[in-house]
>>> print(open('protein28.pdb').read())   # PDB, C-alpha atoms and all ligand atoms
ATOM      1  CA  MET A   1     -21.031   1.327   8.523
ATOM      2  CA  ASN A   2     -17.626   1.269  10.141
ATOM      3  CA  GLN A   3     -16.180   4.422  11.533
ATOM      4  CA  VAL A   4     -12.446   4.622  11.013
ATOM      5  CA  ARG A   5     -11.822   6.327   7.688
ATOM      6  CA  VAL A   6      -8.823   5.306   5.610
ATOM      7  CA  ALA A   7      -7.249   6.106   2.243
ATOM      8  CA  VAL A   8      -5.501   3.705  -0.099
ATOM      9  CA  PHE A   9      -2.675   4.940  -2.358
ATOM     10  CA  ALA A  10      -2.080   2.935  -5.555
ATOM     11  CA  SER A  11      -0.177   3.572  -8.780
ATOM     12  CA  GLY A  12      -1.119   0.421 -10.668
ATOM     13  CA  THR A  13      -3.413  -2.574 -10.921
ATOM     14  CA  GLY A  14      -4.820  -2.319  -7.441
ATOM     15  CA  SER A  15      -5.362  -6.022  -6.787
ATOM     16  CA  ASN A  16      -4.522  -5.432  -3.117
ATOM     17  CA  PHE A  17      -6.959  -2.540  -3.057
ATOM     18  CA  GLN A  18      -9.564  -4.865  -4.573
ATOM     19  CA  ALA A  19      -8.833  -7.464  -1.901
ATOM     20  CA  MET A  20      -9.545  -4.834   0.775
ATOM     21  CA  LEU A  21     -12.809  -3.956  -0.962
ATOM     22  CA  ASP A  22     -13.745  -7.633  -1.137
ATOM     23  CA  ALA A  23     -12.809  -8.423   2.461
ATOM     24  CA  GLU A  24     -15.944  -9.386   4.331
ATOM     25  CA  ASN A  25     -15.137  -7.825   7.652
ATOM     26  CA  LEU A  26     -12.832  -4.883   7.018
ATOM     27  CA  ALA A  27     -12.777  -2.843  10.223
ATOM     28  CA  CYS A  28     -12.636   0.533   8.476
ATOM     29  CA  ASP A  29     -14.190   2.531   5.659
ATOM     30  CA  ILE A  30     -12.046   3.083   2.592
ATOM     31  CA  VAL A  31     -13.245   6.543   1.628
ATOM     32  CA  LEU A  32     -10.528   7.649  -0.796
ATOM     33  CA  LEU A  33      -8.268   6.150  -3.442
ATOM     34  CA  VAL A  34      -5.240   8.303  -4.224
ATOM     35  CA  SER A  35      -3.220   7.736  -7.384
ATOM     36  CA  ASP A  36      -0.313   9.486  -9.077
ATOM     37  CA  LYS A  37      -1.111   7.726 -12.374
ATOM     38  CA  PRO A  38      -4.185   8.829 -14.345
ATOM     39  CA  ASN A  39      -4.484   5.433 -16.073
ATOM     40  CA  ALA A  40      -4.024   3.231 -13.032
ATOM     41  CA  PRO A  41      -6.620   0.418 -13.148
ATOM     42  CA  ALA A  42      -7.044   0.926  -9.395
ATOM     43  CA  ILE A  43      -8.965   4.141 -10.175
ATOM     44  CA  ASN A  44     -11.744   2.301 -11.999
ATOM     45  CA  LYS A  45     -11.939  -0.227  -9.210
ATOM     46  CA  ALA A  46     -12.596   2.660  -6.803
ATOM     47  CA  LYS A  47     -15.224   4.161  -9.090
ATOM     48  CA  ALA A  48     -16.972   0.822  -9.432
ATOM     49  CA  HIS A  49     -17.326   0.813  -5.649
ATOM     50  CA  GLY A  50     -18.426   4.440  -5.396
ATOM     51  CA  ILE A  51     -15.205   5.405  -3.637
ATOM     52  CA  ALA A  52     -13.896   8.934  -4.184
ATOM     53  CA  THR A  53     -10.673   9.217  -6.165
ATOM     54  CA  LEU A  54      -7.905  11.775  -6.035
ATOM     55  CA  VAL A  55      -5.599  11.610  -9.034
ATOM     56  CA  PHE A  56      -2.683  14.003  -9.084
ATOM     57  CA  ASP A  57       0.280  14.614 -11.349
ATOM     58  CA  PRO A  58       3.420  15.144  -9.257
ATOM     59  CA  LYS A  59       4.959  17.025 -12.204
ATOM     60  CA  GLY A  60       2.311  19.694 -11.817
ATOM     61  CA  PHE A  61       3.805  20.734  -8.466
ATOM     62  CA  PRO A  62       7.073  22.590  -7.785
ATOM     63  CA  SER A  63       8.160  19.995  -5.210
ATOM     64  CA  LYS A  64       7.219  16.849  -3.304
ATOM     65  CA  GLN A  65       6.540  19.060  -0.313
ATOM     66  CA  ASP A  66       3.947  20.970  -2.359
ATOM     67  CA  TYR A  67       2.022  17.948  -3.589
ATOM     68  CA  GLU A  68       2.197  16.276  -0.204
ATOM     69  CA  SER A  69       0.804  19.440   1.425
ATOM     70  CA  MET A  70      -2.060  19.312  -1.053
ATOM     71  CA  LEU A  71      -2.626  15.634  -0.218
ATOM     72  CA  ILE A  72      -2.609  16.328   3.524
ATOM     73  CA  GLU A  73      -5.251  18.999   3.080
ATOM     74  CA  LYS A  74      -7.514  16.625   1.110
ATOM     75  CA  LEU A  75      -6.943  13.787   3.559
ATOM     76  CA  ARG A  76      -7.815  16.032   6.484
ATOM     77  CA  VAL A  77     -11.006  17.243   4.822
ATOM     78  CA  LYS A  78     -12.048  13.593   4.603
ATOM     79  CA  SER A  79     -10.981  12.861   8.199
ATOM     80  CA  ILE A  80      -8.611  10.123   7.082
ATOM     81  CA  ARG A  81      -6.953   8.299   9.989
ATOM     82  CA  TRP A  82      -4.784   5.723   8.190
ATOM     83  CA  ILE A  83      -3.035   5.545   4.813
ATOM     84  CA  PHE A  84      -2.492   2.115   3.272
ATOM     85  CA  LEU A  85      -0.057   2.016   0.366
ATOM     86  CA  ALA A  86      -0.855  -0.704  -2.141
ATOM     87  CA  GLY A  87       1.545  -0.556  -5.070
ATOM     88  CA  TYR A  88       2.139   3.184  -4.660
ATOM     89  CA  MET A  89       5.355   3.762  -6.588
ATOM     90  CA  ARG A  90       6.552   6.965  -4.908
ATOM     91  CA  ILE A  91       8.710   7.547  -1.898
ATOM     92  CA  VAL A  92       6.696   9.219   0.821
ATOM     93  CA  GLY A  93       8.445  12.412   1.902
ATOM     94  CA  PRO A  94       8.884  13.961   5.351
ATOM     95  CA  THR A  95       5.885  16.277   4.924
ATOM     96  CA  LEU A  96       3.340  13.479   4.606
ATOM     97  CA  LEU A  97       5.223  11.220   7.006
ATOM     98  CA  LYS A  98       5.082  13.815   9.756
ATOM     99  CA  ALA A  99       1.400  14.543   9.213
ATOM    100  CA  PHE A 100       0.504  10.832   9.456
ATOM    101  CA  GLU A 101       3.254   9.623  11.788
ATOM    102  CA  GLY A 102       2.925   5.901  12.506
ATOM    103  CA  ARG A 103      -0.200   5.671  10.404
ATOM    104  CA  ILE A 104       1.201   4.998   6.908
ATOM    105  CA  VAL A 105       1.572   1.314   6.085
ATOM    106  CA  ASN A 106       3.027  -0.412   3.022
ATOM    107  CA  ILE A 107       3.012  -3.905   1.563
ATOM    108  CA  HIS A 108       6.158  -5.221  -0.110
ATOM    109  CA  PRO A 109       6.598  -8.481  -2.057
ATOM    110  CA  SER A 110       9.627  -9.903  -0.246
ATOM    111  CA  LEU A 111      10.764 -10.847   3.239
ATOM    112  CA  LEU A 112      12.341  -7.525   4.137
ATOM    113  CA  PRO A 113      15.115  -6.620   4.685
ATOM    114  CA  ALA A 114      15.781  -8.943   1.725
ATOM    115  CA  PHE A 115      15.098  -7.475  -1.717
ATOM    116  CA  PRO A 116      13.957  -3.924  -0.989
ATOM    117  CA  GLY A 117      13.100  -1.448  -3.752
ATOM    118  CA  LYS A 118      11.821  -2.160  -7.219
ATOM    119  CA  ASP A 119      11.206  -5.593  -8.744
ATOM    120  CA  ALA A 120      11.530  -7.509  -5.500
ATOM    121  CA  ILE A 121      10.063 -10.595  -7.187
ATOM    122  CA  GLY A 122      12.614 -10.495 -10.015
ATOM    123  CA  GLN A 123      15.381  -9.910  -7.474
ATOM    124  CA  ALA A 124      14.383 -13.048  -5.557
ATOM    125  CA  ILE A 125      14.363 -15.203  -8.696
ATOM    126  CA  GLU A 126      17.686 -13.758  -9.785
ATOM    127  CA  ALA A 127      19.211 -14.520  -6.383
ATOM    128  CA  GLY A 128      18.165 -18.176  -6.672
ATOM    129  CA  VAL A 129      16.677 -18.331  -3.186
ATOM    130  CA  LYS A 130      14.121 -21.002  -2.256
ATOM    131  CA  LYS A 131      11.752 -18.751  -0.427
ATOM    132  CA  THR A 132      10.607 -15.179  -0.456
ATOM    133  CA  GLY A 133       7.406 -13.685   0.910
ATOM    134  CA  VAL A 134       5.372 -10.666   1.834
ATOM    135  CA  THR A 135       6.105  -7.925   4.348
ATOM    136  CA  ILE A 136       3.712  -5.351   5.756
ATOM    137  CA  HIS A 137       5.530  -2.493   7.437
ATOM    138  CA  PHE A 138       5.215   1.047   8.664
ATOM    139  CA  ILE A 139       6.709   3.650   6.388
ATOM    140  CA  ASP A 140       9.742   5.640   7.437
ATOM    141  CA  GLU A 141      12.110   7.865   5.448
ATOM    142  CA  GLY A 142      14.012   4.980   3.869
ATOM    143  CA  ILE A 143      13.062   2.660   1.024
ATOM    144  CA  ASP A 144      11.230  -0.332   2.506
ATOM    145  CA  THR A 145      13.030   0.092   5.832
ATOM    146  CA  GLY A 146      10.253   0.937   8.315
ATOM    147  CA  PRO A 147       9.284  -1.235  11.308
ATOM    148  CA  ILE A 148       7.861  -4.597  10.251
ATOM    149  CA  ILE A 149       4.297  -5.406  11.292
ATOM    150  CA  ALA A 150       3.786  -8.816   9.664
ATOM    151  CA  GLN A 151       5.529 -11.220   7.311
ATOM    152  CA  GLU A 152       4.537 -14.409   5.560
ATOM    153  CA  GLU A 153       6.746 -16.768   3.619
ATOM    154  CA  VAL A 154       6.134 -17.882   0.034
ATOM    155  CA  SER A 155       8.147 -20.789  -1.339
ATOM    156  CA  ILE A 156       9.749 -20.463  -4.778
ATOM    157  CA  PRO A 157       9.258 -23.636  -6.841
ATOM    158  CA  PRO A 158      12.143 -24.625  -9.113
ATOM    159  CA  ALA A 159      12.061 -22.885 -12.511
ATOM    160  CA  VAL A 160       9.047 -20.765 -11.611
ATOM    161  CA  SER A 161       8.395 -17.809 -13.925
ATOM    162  CA  LYS A 162       8.242 -14.284 -12.594
ATOM    163  CA  GLU A 163       4.499 -14.204 -13.348
ATOM    164  CA  GLY A 164       4.008 -17.496 -11.546
ATOM    165  CA  LEU A 165       5.816 -16.262  -8.469
ATOM    166  CA  ALA A 166       3.965 -12.947  -8.601
ATOM    167  CA  GLN A 167       0.688 -14.883  -8.522
ATOM    168  CA  ARG A 168       1.786 -16.902  -5.515
ATOM    169  CA  ILE A 169       2.829 -13.736  -3.725
ATOM    170  CA  HIS A 170      -0.378 -11.895  -4.598
ATOM    171  CA  ARG A 171      -2.480 -14.708  -3.168
ATOM    172  CA  VAL A 172      -0.722 -14.280   0.165
ATOM    173  CA  GLU A 173      -0.867 -10.473  -0.004
ATOM    174  CA  HIS A 174      -4.608 -10.461  -0.590
ATOM    175  CA  GLN A 175      -5.215 -12.460   2.581
ATOM    176  CA  LEU A 176      -2.602 -10.801   4.754
ATOM    177  CA  TYR A 177      -3.206  -7.100   4.081
ATOM    178  CA  PRO A 178      -6.901  -6.987   5.133
ATOM    179  CA  LYS A 179      -6.030  -9.084   8.216
ATOM    180  CA  VAL A 180      -3.240  -6.726   9.277
ATOM    181  CA  ILE A 181      -5.379  -3.654   8.575
ATOM    182  CA  ASN A 182      -7.995  -5.024  10.939
ATOM    183  CA  GLN A 183      -5.393  -5.717  13.622
ATOM    184  CA  LEU A 184      -4.063  -2.152  13.357
ATOM    185  CA  ILE A 185      -7.492  -0.565  13.475
ATOM    186  CA  GLN A 186      -8.634  -2.773  16.351
ATOM    187  CA  SER A 187      -5.454  -2.154  18.342
ATOM    188  CA  GLU A 188      -6.372   1.539  18.389
ATOM    189  CA  GLY A 189      -9.593   0.669  20.136
TER     190      GLY A 189
HETATM  191  C1  LIG B   1       2.213  -5.708  -4.703
HETATM  192  O1  LIG B   1       2.939  -6.860  -5.018
HETATM  193  C2  LIG B   1       2.810  -5.003  -3.529
HETATM  194  O2  LIG B   1       3.483  -5.846  -2.653
HETATM  195  C3  LIG B   1       3.786  -4.045  -4.172
HETATM  196  O3  LIG B   1       3.178  -3.654  -5.364
HETATM  197  C4  LIG B   1       2.302  -4.668  -5.811
HETATM  198  C5  LIG B   1       0.989  -4.013  -6.084
HETATM  199  O4  LIG B   1       0.115  -4.890  -6.742
HETATM  200  N1  LIG B   1       4.058  -2.934  -3.298
HETATM  201  P1  LIG B   1      -1.400  -4.487  -6.942
HETATM  202  O5  LIG B   1      -1.425  -3.145  -7.677
HETATM  203  O6  LIG B   1      -2.041  -4.399  -5.598
HETATM  204  O7  LIG B   1      -1.971  -5.569  -7.797
END
>>> encode(input="protein28.pdb", output="structure tokens", more="lines below")
Ligand code: GRF
Amino acid sequence: MNQVRVAVFASGTGSNFQAMLDAENLACDIVLLVSDKPNAPAINKAKAHGIATLVFDPKGFPSKQDYESMLIEKLRVKSIRWIFLAGYMRIVGPTLLKAFEGRIVNIHPSLLPAFPGKDAIGQAIEAGVKKTGVTIHFIDEGIDTGPIIAQEEVSIPPAVSKEGLAQRIHRVEHQLYPKVINQLIQSEG
């Protein structure tokens, strides 16, 4: 078994999470899947792999600071070193950021700084550009503004549908995220 323990945060499908689970040589142990959505398909993917899940309802807490403090406690109990966001649809607040400074990473479906925020794929189609891509970056207090770790281009064929482009982007994401995770873990020694 590997030794570095990591958590993945996902609000939705979890295809990137699945790609990490399927990666042959992931240099860490994914020991926790955190979700803010009780019906997120990512949760069942975790269960199918015997990975612990933590599902929380942000509305059940007085503030972001309160639910992030709860998360920090649970992450510490599990000795989590890195947090990888994979379709986690919440802005990480200063409480969690400070506790895991430089160790929270996100994947975004555009070549940042182009098309930050929601529906980056739709934004790219709307803008009529010929290429978009995937960015993996550290999280900071902004929306998709943290230091970039890796980027890969994806071309946009003429008249492609949003679903078609999403598929092209996902294919790249599923290769790139496990690769970058390994680089980060290995760079720590
Ligand atoms: C990915 O496209 C990722 O870049 C973005 O959210 C999407 C999550 O997809 N942050 P999935 O849940 O991993 O399938």
>>> axis_aligned_box(input="protein28.pdb", around="ligand LIG 1 (chain B)", padding_each_side="5 Å", output="lines of an AutoDock Vina configuration file")
center_x = 1.0
center_y = -4.9
center_z = -5.2
size_x = 16.1
size_y = 13.9
size_z = 15.1
>>> atom_distance(input="protein28.pdb", atom1="CA of Arg81 (chain A)", atom2="CA of His137 (chain A)")
16.7 Å
>>> closest_residue(input="protein28.pdb", among="A:Val4, A:Lys74, A:His108, A:Gly87", to="Leu26 (chain A)", atoms="all atoms listed in the file")
A:Val4
>>> residues_near_ligand(input="protein28.pdb", ligand="ligand LIG 1 (chain B)", cutoff="8 Å", atoms="only C-alpha atoms and all ligand atoms", output="VMD selection string")
chain A and resid 10 to 18 42 85 to 89 106 to 110 134 to 135 166 169 to 170 173
>>> atom_distance(input="protein28.pdb", atom1="CA of Leu112 (chain A)", atom2="CA of Val154 (chain A)")
12.8 Å
>>> closest_residue(input="protein28.pdb", among="A:Glu163, A:Glu126, A:Glu141, A:Asp66", to="Ile104 (chain A)", atoms="only C-alpha atoms")
A:Glu141
>>> closest_residue(input="protein28.pdb", among="A:Cys28, A:Ile51, A:Ile148, A:Ala127", to="Val105 (chain A)", atoms="only C-alpha atoms")
A:Ile148
>>> atom_distance(input="protein28.pdb", atom1="CA of Thr95 (chain A)", atom2="CA of Asp144 (chain A)")
17.6 Å
>>> closest_residue(input="protein28.pdb", among="A:Ala46, A:Gln3, A:Gly102, A:Ala23", to="Leu184 (chain A)", atoms="all atoms listed in the file")
A:Gly102
>>> resolve_selection(input="protein28.pdb", expression="the PyMOL selection byres (((chain A and resi 64) around 10) and not hetatm)", output="JSON, numbers by chain")
{"A": [58, 59, 61, 62, 63, 65, 66, 67, 68, 69, 70, 91, 92, 93, 94, 95, 96]}
>>> resolve_selection(input="protein28.pdb", expression="the PyMOL selection byres (((chain A and resi 185) around 12) and not hetatm)", output="list of chain:residue names")
A:Asn2, A:Gln3, A:Val4, A:Arg5, A:Val6, A:Leu26, A:Ala27, A:Cys28, A:Asp29, A:Arg81, A:Trp82, A:Ile83, A:Phe84, A:Arg103, A:Val105, A:Pro178, A:Lys179, A:Val180, A:Ile181, A:Asn182, A:Gln183, A:Leu184, A:Gln186, A:Ser187, A:Glu188, A:Gly189
>>> closest_residue(input="protein28.pdb", among="A:Val160, A:Gly133, A:Phe56, A:His174", to="Asp22 (chain A)", atoms="all atoms listed in the file")
A:His174
>>> decode(input="protein28.pdb", residues="region 87-98 of chain A", atoms="all heavy atoms", output="CSV table (one decimal), in the first residue's frame")
chain,number,residue,atom,x,y,z
A,87,GLY,N,-14.7,18.3,-9.4
A,87,GLY,CA,-16.1,18.7,-9.5
A,87,GLY,C,-16.7,19.0,-8.2
A,87,GLY,O,-17.9,18.7,-8.0
A,88,TYR,N,-16.0,19.6,-7.3
A,88,TYR,CA,-16.6,20.1,-6.0
A,88,TYR,C,-17.1,21.5,-6.3
A,88,TYR,O,-16.3,22.4,-6.6
A,88,TYR,CB,-15.5,20.1,-5.0
A,88,TYR,CG,-15.9,20.5,-3.6
A,88,TYR,CD1,-16.9,19.8,-2.9
A,88,TYR,CD2,-15.3,21.7,-3.0
A,88,TYR,CE1,-17.3,20.2,-1.6
A,88,TYR,CE2,-15.7,22.1,-1.7
A,88,TYR,CZ,-16.7,21.4,-1.0
A,88,TYR,OH,-17.1,21.8,0.2
A,89,MET,N,-18.4,21.7,-6.1
A,89,MET,CA,-19.0,22.9,-6.6
A,89,MET,C,-19.2,24.0,-5.5
A,89,MET,O,-20.1,24.7,-5.5
A,89,MET,CB,-20.4,22.6,-7.2
A,89,MET,CG,-20.3,21.7,-8.4
A,89,MET,SD,-19.2,22.3,-9.7
A,89,MET,CE,-20.3,23.6,-10.4
A,90,ARG,N,-18.2,24.0,-4.6
A,90,ARG,CA,-18.2,25.1,-3.5
A,90,ARG,C,-16.9,25.8,-3.5
A,90,ARG,O,-15.9,25.2,-3.8
A,90,ARG,CB,-18.4,24.4,-2.1
A,90,ARG,CG,-19.7,23.9,-2.0
A,90,ARG,CD,-20.1,23.5,-0.6
A,90,ARG,NE,-21.5,23.3,-0.8
A,90,ARG,CZ,-22.4,24.2,-0.7
A,90,ARG,NH1,-22.1,25.3,-0.2
A,90,ARG,NH2,-23.7,23.9,-1.0
A,91,ILE,N,-17.0,27.0,-3.1
A,91,ILE,CA,-15.8,27.8,-3.0
A,91,ILE,C,-15.2,27.4,-1.6
A,91,ILE,O,-15.9,27.4,-0.6
A,91,ILE,CB,-16.1,29.3,-3.0
A,91,ILE,CG1,-16.6,29.7,-4.4
A,91,ILE,CG2,-14.8,30.2,-2.7
A,91,ILE,CD1,-17.2,31.0,-4.6
A,92,VAL,N,-13.9,27.1,-1.7
A,92,VAL,CA,-13.2,26.8,-0.4
A,92,VAL,C,-12.9,28.1,0.3
A,92,VAL,O,-12.4,29.0,-0.2
A,92,VAL,CB,-11.9,26.0,-0.7
A,92,VAL,CG1,-11.1,25.7,0.5
A,92,VAL,CG2,-12.2,24.7,-1.4
A,93,GLY,N,-13.3,28.1,1.6
A,93,GLY,CA,-13.1,29.3,2.4
A,93,GLY,C,-11.7,29.3,3.1
A,93,GLY,O,-11.0,28.4,3.1
A,94,PRO,N,-11.5,30.5,3.7
A,94,PRO,CA,-10.2,30.7,4.4
A,94,PRO,C,-9.8,29.7,5.5
A,94,PRO,O,-8.7,29.4,5.7
A,94,PRO,CB,-10.3,32.1,4.9
A,94,PRO,CG,-11.6,32.6,4.7
A,94,PRO,CD,-12.3,31.7,3.8
A,95,THR,N,-10.9,29.2,6.1
A,95,THR,CA,-10.6,28.2,7.2
A,95,THR,C,-9.9,27.0,6.7
A,95,THR,O,-8.9,26.5,7.2
A,95,THR,CB,-12.0,27.8,7.9
A,95,THR,OG1,-12.7,29.0,8.2
A,95,THR,CG2,-11.7,27.0,9.1
A,96,LEU,N,-10.5,26.4,5.7
A,96,LEU,CA,-10.0,25.1,5.1
A,96,LEU,C,-8.7,25.4,4.4
A,96,LEU,O,-7.7,24.6,4.4
A,96,LEU,CB,-11.0,24.5,4.2
A,96,LEU,CG,-10.7,23.1,3.6
A,96,LEU,CD1,-10.3,22.1,4.7
A,96,LEU,CD2,-11.9,22.6,2.8
A,97,LEU,N,-8.7,26.6,3.7
A,97,LEU,CA,-7.4,26.9,2.9
A,97,LEU,C,-6.2,27.0,3.8
A,97,LEU,O,-5.1,26.6,3.5
A,97,LEU,CB,-7.6,28.3,2.3
A,97,LEU,CG,-8.1,28.4,0.9
A,97,LEU,CD1,-8.3,29.8,0.4
A,97,LEU,CD2,-7.1,27.7,-0.1
A,98,LYS,N,-6.4,27.7,5.0
A,98,LYS,CA,-5.3,27.9,5.9
A,98,LYS,C,-4.8,26.5,6.5
A,98,LYS,O,-3.6,26.3,6.6
A,98,LYS,CB,-5.8,28.8,7.0
A,98,LYS,CG,-4.6,29.4,7.8
A,98,LYS,CD,-5.0,30.7,8.5
A,98,LYS,CE,-3.9,31.0,9.5
A,98,LYS,NZ,-4.3,30.9,10.9
